[in-house]
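Shown next: entry_27.json, containing JSON, C-alpha atoms.
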[["chain", "number", "residue", "atom", "x", "y", "z"],
["G", 1, "MET", "CA", -8.97, -35.35, 15.93],
["G", 2, "LYS", "CA", -9.86, -33.51, 19.13],
["G", 3, "GLU", "CA", -13.36, -32.25, 19.89],
["G", 4, "SER", "CA", -12.25, -28.60, 19.77],
["G", 5, "TYR", "CA", -10.80, -29.05, 16.27],
["G", 6, "LEU", "CA", -13.87, -30.95, 15.12],
["G", 7, "SER", "CA", -16.19, -28.20, 16.41],
["G", 8, "THR", "CA", -14.44, -25.66, 14.17],
["G", 9, "LYS", "CA", -14.94, -27.90, 11.15],
["G", 10, "ILE", "CA", -18.60, -28.53, 12.00],
["G", 11, "PHE", "CA", -19.21, -24.79, 12.43],
["G", 12, "SER", "CA", -17.54, -23.91, 9.13],
["G", 13, "PHE", "CA", -19.40, -26.66, 7.26],
["G", 14, "ILE", "CA", -22.82, -25.65, 8.61],
["G", 15, "THR", "CA", -22.13, -21.99, 7.86],
["G", 16, "PHE", "CA", -20.97, -22.89, 4.34],
["G", 17, "VAL", "CA", -24.18, -24.86, 3.73],
["G", 18, "LEU", "CA", -26.27, -21.91, 4.96],
["G", 19, "CYS", "CA", -24.34, -19.57, 2.64],
["G", 20, "CYS", "CA", -25.02, -21.89, -0.31],
["G", 21, "ILE", "CA", -28.73, -21.90, 0.54],
["G", 22, "GLY", "CA", -28.66, -18.11, 0.78],
["G", 23, "LEU", "CA", -26.88, -17.82, -2.57],
["G", 24, "TYR", "CA", -29.49, -20.07, -4.16],
["G", 25, "LEU", "CA", -32.30, -17.94, -2.71],
["G", 26, "CYS", "CA", -30.63, -14.66, -3.76],
["G", 27, "LYS", "CA", -30.03, -15.62, -7.39],
["G", 28, "ASP", "CA", -33.46, -14.33, -8.46],
["G", 29, "LEU", "CA", -33.65, -11.44, -6.00],
["G", 30, "VAL", "CA", -35.51, -8.45, -7.44],
["G", 31, "ALA", "CA", -36.35, -5.42, -5.31],
["G", 32, "PRO", "CA", -38.95, -2.84, -6.34],
["G", 33, "LEU", "CA", -36.64, 0.02, -5.31],
["G", 34, "SER", "CA", -32.92, 0.33, -5.65],
["G", 35, "TYR", "CA", -30.87, 2.81, -3.63],
["G", 36, "GLU", "CA", -27.43, 1.46, -4.40],
["G", 37, "PRO", "CA", -25.72, 2.02, -7.74],
["G", 38, "LEU", "CA", -24.94, -1.70, -8.02],
["G", 39, "GLY", "CA", -28.49, -2.72, -7.19],
["G", 40, "PRO", "CA", -29.99, -4.56, -4.22],
["G", 41, "ARG", "CA", -28.44, -7.93, -5.13],
["G", 42, "ALA", "CA", -24.80, -6.93, -4.83],
["G", 43, "PHE", "CA", -24.51, -6.68, -1.05],
["G", 44, "PRO", "CA", -26.21, -9.98, -0.08],
["G", 45, "LEU", "CA", -24.48, -11.92, -2.85],
["G", 46, "GLY", "CA", -21.08, -10.41, -2.11],
["G", 47, "SER", "CA", -21.47, -10.99, 1.63],
["G", 48, "LEU", "CA", -22.52, -14.61, 1.17],
["G", 49, "VAL", "CA", -19.67, -15.33, -1.24],
["G", 50, "LEU", "CA", -17.17, -13.79, 1.17],
["G", 51, "ILE", "CA", -18.54, -15.72, 4.15],
["G", 52, "ALA", "CA", -18.55, -18.98, 2.14],
["G", 53, "PHE", "CA", -14.93, -18.36, 1.10],
["G", 54, "CYS", "CA", -13.92, -17.77, 4.71],
["G", 55, "CYS", "CA", -15.71, -20.98, 5.72],
["G", 56, "ILE", "CA", -13.70, -22.93, 3.16],
["G", 57, "LEU", "CA", -10.49, -21.42, 4.54],
["G", 58, "LEU", "CA", -11.57, -22.18, 8.09],
["G", 59, "PHE", "CA", -12.49, -25.76, 7.22],
["G", 60, "PHE", "CA", -9.20, -26.63, 5.54],
["G", 61, "PHE", "CA", -6.69, -24.37, 7.27],
["G", 62, "ALA", "CA", -7.98, -23.98, 10.83],
["G", 63, "GLU", "CA", -5.43, -24.37, 13.53],
["G", 64, "LYS", "CA", -6.09, -26.22, 16.72],
["G", 65, "THR", "CA", -8.15, -23.98, 18.97],
["G", 66, "GLU", "CA", -9.72, -24.28, 22.37],
["G", 67, "VAL", "CA", -13.32, -24.02, 21.21],
["G", 68, "HIS", "CA", -15.91, -25.75, 23.35],
["G", 69, "TRP", "CA", -19.60, -26.37, 22.66],
["G", 70, "GLY", "CA", -20.78, -24.70, 25.82],
["G", 71, "SER", "CA", -22.98, -25.75, 28.68],
["G", 72, "ALA", "CA", -26.67, -26.62, 28.54],
["G", 73, "LYS", "CA", -27.50, -23.23, 30.09],
["G", 74, "LEU", "CA", -25.74, -21.48, 27.21],
["G", 75, "TRP", "CA", -27.66, -23.54, 24.64],
["G", 76, "VAL", "CA", -30.97, -22.70, 26.34],
["G", 77, "LYS", "CA", -30.07, -19.00, 26.16],
["G", 78, "ASN", "CA", -29.18, -19.31, 22.47],
["G", 79, "ILE", "CA", -32.46, -21.06, 21.72],
["G", 80, "MET", "CA", -34.40, -18.43, 23.68],
["G", 81, "LEU", "CA", -32.67, -15.67, 21.70],
["G", 82, "ALA", "CA", -33.58, -17.39, 18.44],
["G", 83, "ILE", "CA", -37.21, -17.73, 19.56],
["G", 84, "SER", "CA", -37.37, -14.08, 20.59],
["G", 85, "PHE", "CA", -35.97, -13.07, 17.20],
["G", 86, "ILE", "CA", -38.64, -15.17, 15.46],
["G", 87, "ILE", "CA", -41.28, -13.47, 17.61],
["G", 88, "PHE", "CA", -39.85, -10.10, 16.54],
["G", 89, "ILE", "CA", -40.08, -11.06, 12.86],
["G", 90, "VAL", "CA", -43.66, -12.32, 13.19],
["G", 91, "LEU", "CA", -44.87, -9.25, 15.11],
["G", 92, "PHE", "CA", -42.96, -6.65, 13.08],
["G", 93, "GLU", "CA", -45.59, -5.95, 10.40],
["G", 94, "ASN", "CA", -48.69, -6.18, 12.60],
["G", 95, "LEU", "CA", -47.56, -4.46, 15.79],
["G", 96, "GLY", "CA", -45.03, -2.15, 14.17],
["G", 97, "PHE", "CA", -41.40, -1.38, 14.85],
["G", 98, "ILE", "CA", -41.75, 0.25, 18.25],
["G", 99, "ILE", "CA", -43.80, -2.42, 20.01],
["G", 100, "SER", "CA", -42.01, -5.36, 18.41],
["G", 101, "THR", "CA", -38.63, -3.83, 19.31],
["G", 102, "VAL", "CA", -39.77, -3.29, 22.90],
["G", 103, "ILE", "CA", -40.86, -6.93, 23.14],
["G", 104, "PHE", "CA", -37.63, -8.17, 21.52],
["G", 105, "ALA", "CA", -35.36, -6.04, 23.72],
["G", 106, "PHE", "CA", -37.33, -7.07, 26.82],
["G", 107, "LEU", "CA", -37.02, -10.77, 26.02],
["G", 108, "CYS", "CA", -33.30, -10.41, 25.25],
["G", 109, "GLY", "CA", -32.77, -8.58, 28.52],
["G", 110, "LEU", "CA", -34.52, -11.36, 30.43],
["G", 111, "VAL", "CA", -32.46, -14.01, 28.64],
["G", 112, "PHE", "CA", -29.30, -12.28, 29.84],
["G", 113, "ASP", "CA", -30.56, -12.30, 33.44],
["G", 114, "GLY", "CA", -31.61, -8.66, 33.55],
["G", 115, "ARG", "CA", -33.98, -7.42, 36.21],
["G", 116, "VAL", "CA", -37.44, -6.44, 35.01],
["G", 117, "LYS", "CA", -37.29, -2.99, 36.64],
["G", 118, "PHE", "CA", -34.22, -2.14, 34.53],
["G", 119, "VAL", "CA", -34.99, -4.08, 31.35],
["G", 120, "LEU", "CA", -38.54, -2.76, 30.79],
["G", 121, "PRO", "CA", -37.74, 1.00, 30.80],
["G", 122, "PHE", "CA", -34.65, 0.44, 28.68],
["G", 123, "SER", "CA", -36.67, -1.61, 26.18],
["G", 124, "ILE", "CA", -39.27, 1.13, 25.87],
["G", 125, "PHE", "CA", -36.55, 3.76, 25.45],
["G", 126, "LEU", "CA", -34.78, 1.63, 22.85],
["G", 127, "GLY", "CA", -37.91, 1.09, 20.76],
["G", 128, "VAL", "CA", -38.87, 4.77, 20.71],
["G", 129, "PHE", "CA", -35.30, 6.05, 20.26],
["G", 130, "LEU", "CA", -34.49, 3.69, 17.39],
["G", 131, "TYR", "CA", -37.76, 4.56, 15.64],
["G", 132, "TYR", "CA", -36.93, 8.25, 15.98],
["G", 133, "CYS", "CA", -33.39, 7.71, 14.65],
["G", 134, "PHE", "CA", -34.54, 5.72, 11.63],
["G", 135, "ASP", "CA", -37.41, 8.09, 10.90],
["G", 136, "ARG", "CA", -35.70, 11.46, 11.38],
["G", 137, "TRP", "CA", -32.00, 10.91, 10.78],
["G", 138, "PHE", "CA", -31.83, 8.01, 8.34],
["G", 139, "ASP", "CA", -35.10, 8.66, 6.43],
["G", 140, "VAL", "CA", -36.06, 4.98, 6.68],
["G", 141, "THR", "CA", -39.78, 4.33, 6.81],
["G", 142, "LEU", "CA", -40.67, 1.73, 9.41],
["G", 143, "PRO", "CA", -44.12, 0.28, 10.05],
["G", 144, "LEU", "CA", -46.05, 1.75, 12.92],
["G", 145, "GLY", "CA", -48.42, -1.19, 13.15],
["G", 146, "TYR", "CA", -52.14, -1.31, 13.77],
["G", 147, "VAL", "CA", -51.86, 0.22, 17.22],
["G", 148, "PHE", "CA", -50.55, 3.62, 16.10],
["G", 149, "THR", "CA", -52.35, 3.92, 12.75]]
File written out as structure tokens:
Amino acid sequence: MKESYLSTKIFSFITFVLCCIGLYLCKDLVAPLSYEPLGPRAFPLGSLVLIAFCCILLFFFAEKTEVHWGSAKLWVKNIMLAISFIIFIVLFENLGFIISTVIFAFLCGLVFDGRVKFVLPFSIFLGVFLYYCFDRWFDVTLPLGYVFT
């Protein structure tokens, strides 16, 4: 079995395990508000079942592909993106949507080798613009954080 074929099986197995964990966590999901006619459980459960089914198909019926694990530089970038996403999650409630989005977009821009003079203004624009879109157009209430309240 070649490394490229094995990498597809490893990916599908890990994703299947994560879907099973997600299904276990979603079995008792209860939301205080429900906007959908099927309820808030239908979308996550349906998505996880569909992804798990596709992982099973990928595991057993994958054809030989030219998938490679990537270089060490790529892995460092992936880990930095995961860390920046965790920072976004931690800061979201306390600092609010705008500031946490600016920090997240700035860190992502730096991970992808962006220059600070371009990444910083775009990050600020992105945070403010997305807050405006969610607040005005989509009627989604997002936290402002302690800075703006």
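Restricting the calculation to all atoms listed in the file, the smallest distance between Phe13 of chain G and any of G:Arg41, G:Ala72, G:Cys55, G:Asp135 is found for G:Cys55.
Counting all atoms listed in the file, the residue from G:Phe16, G:Phe122, G:Trp75, G:Trp137 that sits nearest to Leu57 of chain G is G:Phe16.
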Atom pair atom CA of Ser7 of chain G + atom CA of Ser47 of chain G, distance 23.3 Å
Item to check | Selection: 8 Å around Leu142 of chain G, all atoms listed in the file, excl. self and same-chain fewer than 3 positions, as a list in words | outcome: Gly96, Phe97, Tyr131, Phe134 and Asp135 of chain G
Here atom CA of Cys20 of chain G and atom CA of Val49 of chain G stand apart by 8.5 Å
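Among the candidates G:Val30, G:Val128, G:Leu81, G:Ile89, the residue lying nearest to Gly109 of chain G is G:Leu81 (atoms considered: all atoms listed in the file).
Proximity ranking of G:Asp28, G:Leu6, G:Leu45, G:Leu144 relative to Glu66 of chain G places G:Leu6 first, based on only C-alpha atoms.
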Between atom CA of Leu74 of chain G and atom CA of Leu126 of chain G lies a distance of 25.2 Å
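The nearest approach to Ile14 of chain G among the residues G:Ile87, G:Ile51, G:Val147, G:Val76, with only C-alpha atoms taken into account, belongs to G:Ile51.
Of the listed residues G:Val119, G:Glu63, G:Ser71, G:Leu110, the one whose atoms come nearest to Ser84 of chain G is G:Leu110, with distances taken using all atoms listed in the file.
Those residues positioned at most 12 Å from (-17.6, -22.5, 10.0) are G:Tyr5, G:Leu6, G:Ser7, G:Thr8, G:Lys9, G:Ile10, G:Phe11, G:Ser12, G:Phe13, G:Ile14, G:Thr15, G:Phe16, G:Val17, G:Leu18, G:Cys19, G:Ile51, G:Ala52, G:Phe53, G:Cys54, G:Cys55, G:Ile56, G:Leu57, G:Leu58, G:Phe59, G:Phe60, G:Phe61, G:Ala62, judged using all atoms listed in the file.
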TODO: Do a neighbour search on Phe106 of chain G at 12 Å with only C-alpha atoms, toss out local chain neighbours closer than 3 positions, and write the hits as a list in words.
DONE: Leu81, Ser84, Phe85, Ile87, Phe88, Ile99, Ser100, Thr101, Val102, Ile103, Gly109, Leu110, Val111, Phe112, Asp113, Gly114, Arg115, Val116, Lys117, Phe118, Val119, Leu120, Pro121, Phe122, Ser123, Ile124, Phe125, Leu126 and Gly127 of chain G
Take segment 32-108 of chain G from the preceding structure and save C-alpha atoms as a PDB file, in the first residue's frame.
ATOM      1  CA  PRO G  32     -33.403  27.820  23.710  1.00  0.00           C
ATOM      2  CA  LEU G  33     -34.587  29.267  20.379  1.00  0.00           C
ATOM      3  CA  SER G  34     -35.505  27.498  17.198  1.00  0.00           C
ATOM      4  CA  TYR G  35     -35.647  29.267  13.842  1.00  0.00           C
ATOM      5  CA  GLU G  36     -35.867  26.226  11.613  1.00  0.00           C
ATOM      6  CA  PRO G  37     -39.056  24.209  11.234  1.00  0.00           C
ATOM      7  CA  LEU G  38     -37.144  20.974  11.895  1.00  0.00           C
ATOM      8  CA  GLY G  39     -35.437  22.367  14.977  1.00  0.00           C
ATOM      9  CA  PRO G  40     -31.805  23.178  15.733  1.00  0.00           C
ATOM     10  CA  ARG G  41     -30.688  19.527  15.859  1.00  0.00           C
ATOM     11  CA  ALA G  42     -31.503  18.609  12.267  1.00  0.00           C
ATOM     12  CA  PHE G  43     -28.705  20.450  10.483  1.00  0.00           C
ATOM     13  CA  PRO G  44     -25.749  19.344  12.665  1.00  0.00           C
ATOM     14  CA  LEU G  45     -26.985  15.762  12.878  1.00  0.00           C
ATOM     15  CA  GLY G  46     -27.723  15.546   9.166  1.00  0.00           C
ATOM     16  CA  SER G  47     -24.370  17.095   8.256  1.00  0.00           C
ATOM     17  CA  LEU G  48     -22.438  14.751  10.528  1.00  0.00           C
ATOM     18  CA  VAL G  49     -24.265  11.680   9.232  1.00  0.00           C
ATOM     19  CA  LEU G  50     -23.592  12.726   5.640  1.00  0.00           C
ATOM     20  CA  ILE G  51     -19.903  13.407   6.318  1.00  0.00           C
ATOM     21  CA  ALA G  52     -19.546  10.073   8.168  1.00  0.00           C
ATOM     22  CA  PHE G  53     -21.185   8.256   5.244  1.00  0.00           C
ATOM     23  CA  CYS G  54     -18.803   9.910   2.784  1.00  0.00           C
ATOM     24  CA  CYS G  55     -15.862   8.927   5.006  1.00  0.00           C
ATOM     25  CA  ILE G  56     -16.964   5.299   4.888  1.00  0.00           C
ATOM     26  CA  LEU G  57     -17.177   5.481   1.099  1.00  0.00           C
ATOM     27  CA  LEU G  58     -13.775   7.151   0.915  1.00  0.00           C
ATOM     28  CA  PHE G  59     -12.206   4.573   3.224  1.00  0.00           C
ATOM     29  CA  PHE G  60     -13.418   1.522   1.315  1.00  0.00           C
ATOM     30  CA  PHE G  61     -13.717   2.768  -2.260  1.00  0.00           C
ATOM     31  CA  ALA G  62     -10.972   5.379  -2.639  1.00  0.00           C
ATOM     32  CA  GLU G  63      -8.923   5.133  -5.754  1.00  0.00           C
ATOM     33  CA  LYS G  64      -5.214   5.622  -5.800  1.00  0.00           C
ATOM     34  CA  THR G  65      -4.524   9.342  -5.624  1.00  0.00           C
ATOM     35  CA  GLU G  66      -1.459  11.511  -5.478  1.00  0.00           C
ATOM     36  CA  VAL G  67      -2.083  12.922  -2.009  1.00  0.00           C
ATOM     37  CA  HIS G  68       0.971  13.943  -0.023  1.00  0.00           C
ATOM     38  CA  TRP G  69       1.242  14.971   3.623  1.00  0.00           C
ATOM     39  CA  GLY G  70       2.892  18.277   2.874  1.00  0.00           C
ATOM     40  CA  SER G  71       6.057  19.953   4.025  1.00  0.00           C
ATOM     41  CA  ALA G  72       6.920  21.060   7.549  1.00  0.00           C
ATOM     42  CA  LYS G  73       6.213  24.675   6.553  1.00  0.00           C
ATOM     43  CA  LEU G  74       2.668  23.721   5.566  1.00  0.00           C
ATOM     44  CA  TRP G  75       2.114  21.931   8.885  1.00  0.00           C
ATOM     45  CA  VAL G  76       3.361  24.975  10.810  1.00  0.00           C
ATOM     46  CA  LYS G  77       0.895  27.150   8.883  1.00  0.00           C
ATOM     47  CA  ASN G  78      -1.951  24.738   9.638  1.00  0.00           C
ATOM     48  CA  ILE G  79      -1.095  24.709  13.336  1.00  0.00           C
ATOM     49  CA  MET G  80      -0.874  28.514  13.384  1.00  0.00           C
ATOM     50  CA  LEU G  81      -4.313  28.735  11.750  1.00  0.00           C
ATOM     51  CA  ALA G  82      -5.753  26.374  14.350  1.00  0.00           C
ATOM     52  CA  ILE G  83      -4.204  28.440  17.162  1.00  0.00           C
ATOM     53  CA  SER G  84      -5.563  31.672  15.701  1.00  0.00           C
ATOM     54  CA  PHE G  85      -9.023  30.103  15.469  1.00  0.00           C
ATOM     55  CA  ILE G  86      -8.816  29.055  19.127  1.00  0.00           C
ATOM     56  CA  ILE G  87      -7.802  32.617  20.022  1.00  0.00           C
ATOM     57  CA  PHE G  88     -10.850  33.861  18.086  1.00  0.00           C
ATOM     58  CA  ILE G  89     -13.146  31.521  20.016  1.00  0.00           C
ATOM     59  CA  VAL G  90     -11.696  32.520  23.390  1.00  0.00           C
ATOM     60  CA  LEU G  91     -11.865  36.263  22.689  1.00  0.00           C
ATOM     61  CA  PHE G  92     -15.263  36.261  20.961  1.00  0.00           C
ATOM     62  CA  GLU G  93     -17.479  36.786  24.033  1.00  0.00           C
ATOM     63  CA  ASN G  94     -15.221  39.183  25.941  1.00  0.00           C
ATOM     64  CA  LEU G  95     -13.866  41.400  23.172  1.00  0.00           C
ATOM     65  CA  GLY G  96     -16.842  41.073  20.846  1.00  0.00           C
ATOM     66  CA  PHE G  97     -17.215  40.178  17.208  1.00  0.00           C
ATOM     67  CA  ILE G  98     -15.464  43.155  15.661  1.00  0.00           C
ATOM     68  CA  ILE G  99     -12.218  43.057  17.635  1.00  0.00           C
ATOM     69  CA  SER G 100     -11.936  39.273  17.671  1.00  0.00           C
ATOM     70  CA  THR G 101     -12.566  39.160  13.911  1.00  0.00           C
ATOM     71  CA  VAL G 102      -9.905  41.827  13.337  1.00  0.00           C
ATOM     72  CA  ILE G 103      -7.401  39.808  15.380  1.00  0.00           C
ATOM     73  CA  PHE G 104      -8.339  36.552  13.623  1.00  0.00           C
ATOM     74  CA  ALA G 105      -8.150  38.042  10.123  1.00  0.00           C
ATOM     75  CA  PHE G 106      -4.841  39.734  10.969  1.00  0.00           C
ATOM     76  CA  LEU G 107      -3.292  36.502  12.229  1.00  0.00           C
ATOM     77  CA  CYS G 108      -4.580  34.573   9.199  1.00  0.00           C
TER      78      CYS G 108
END
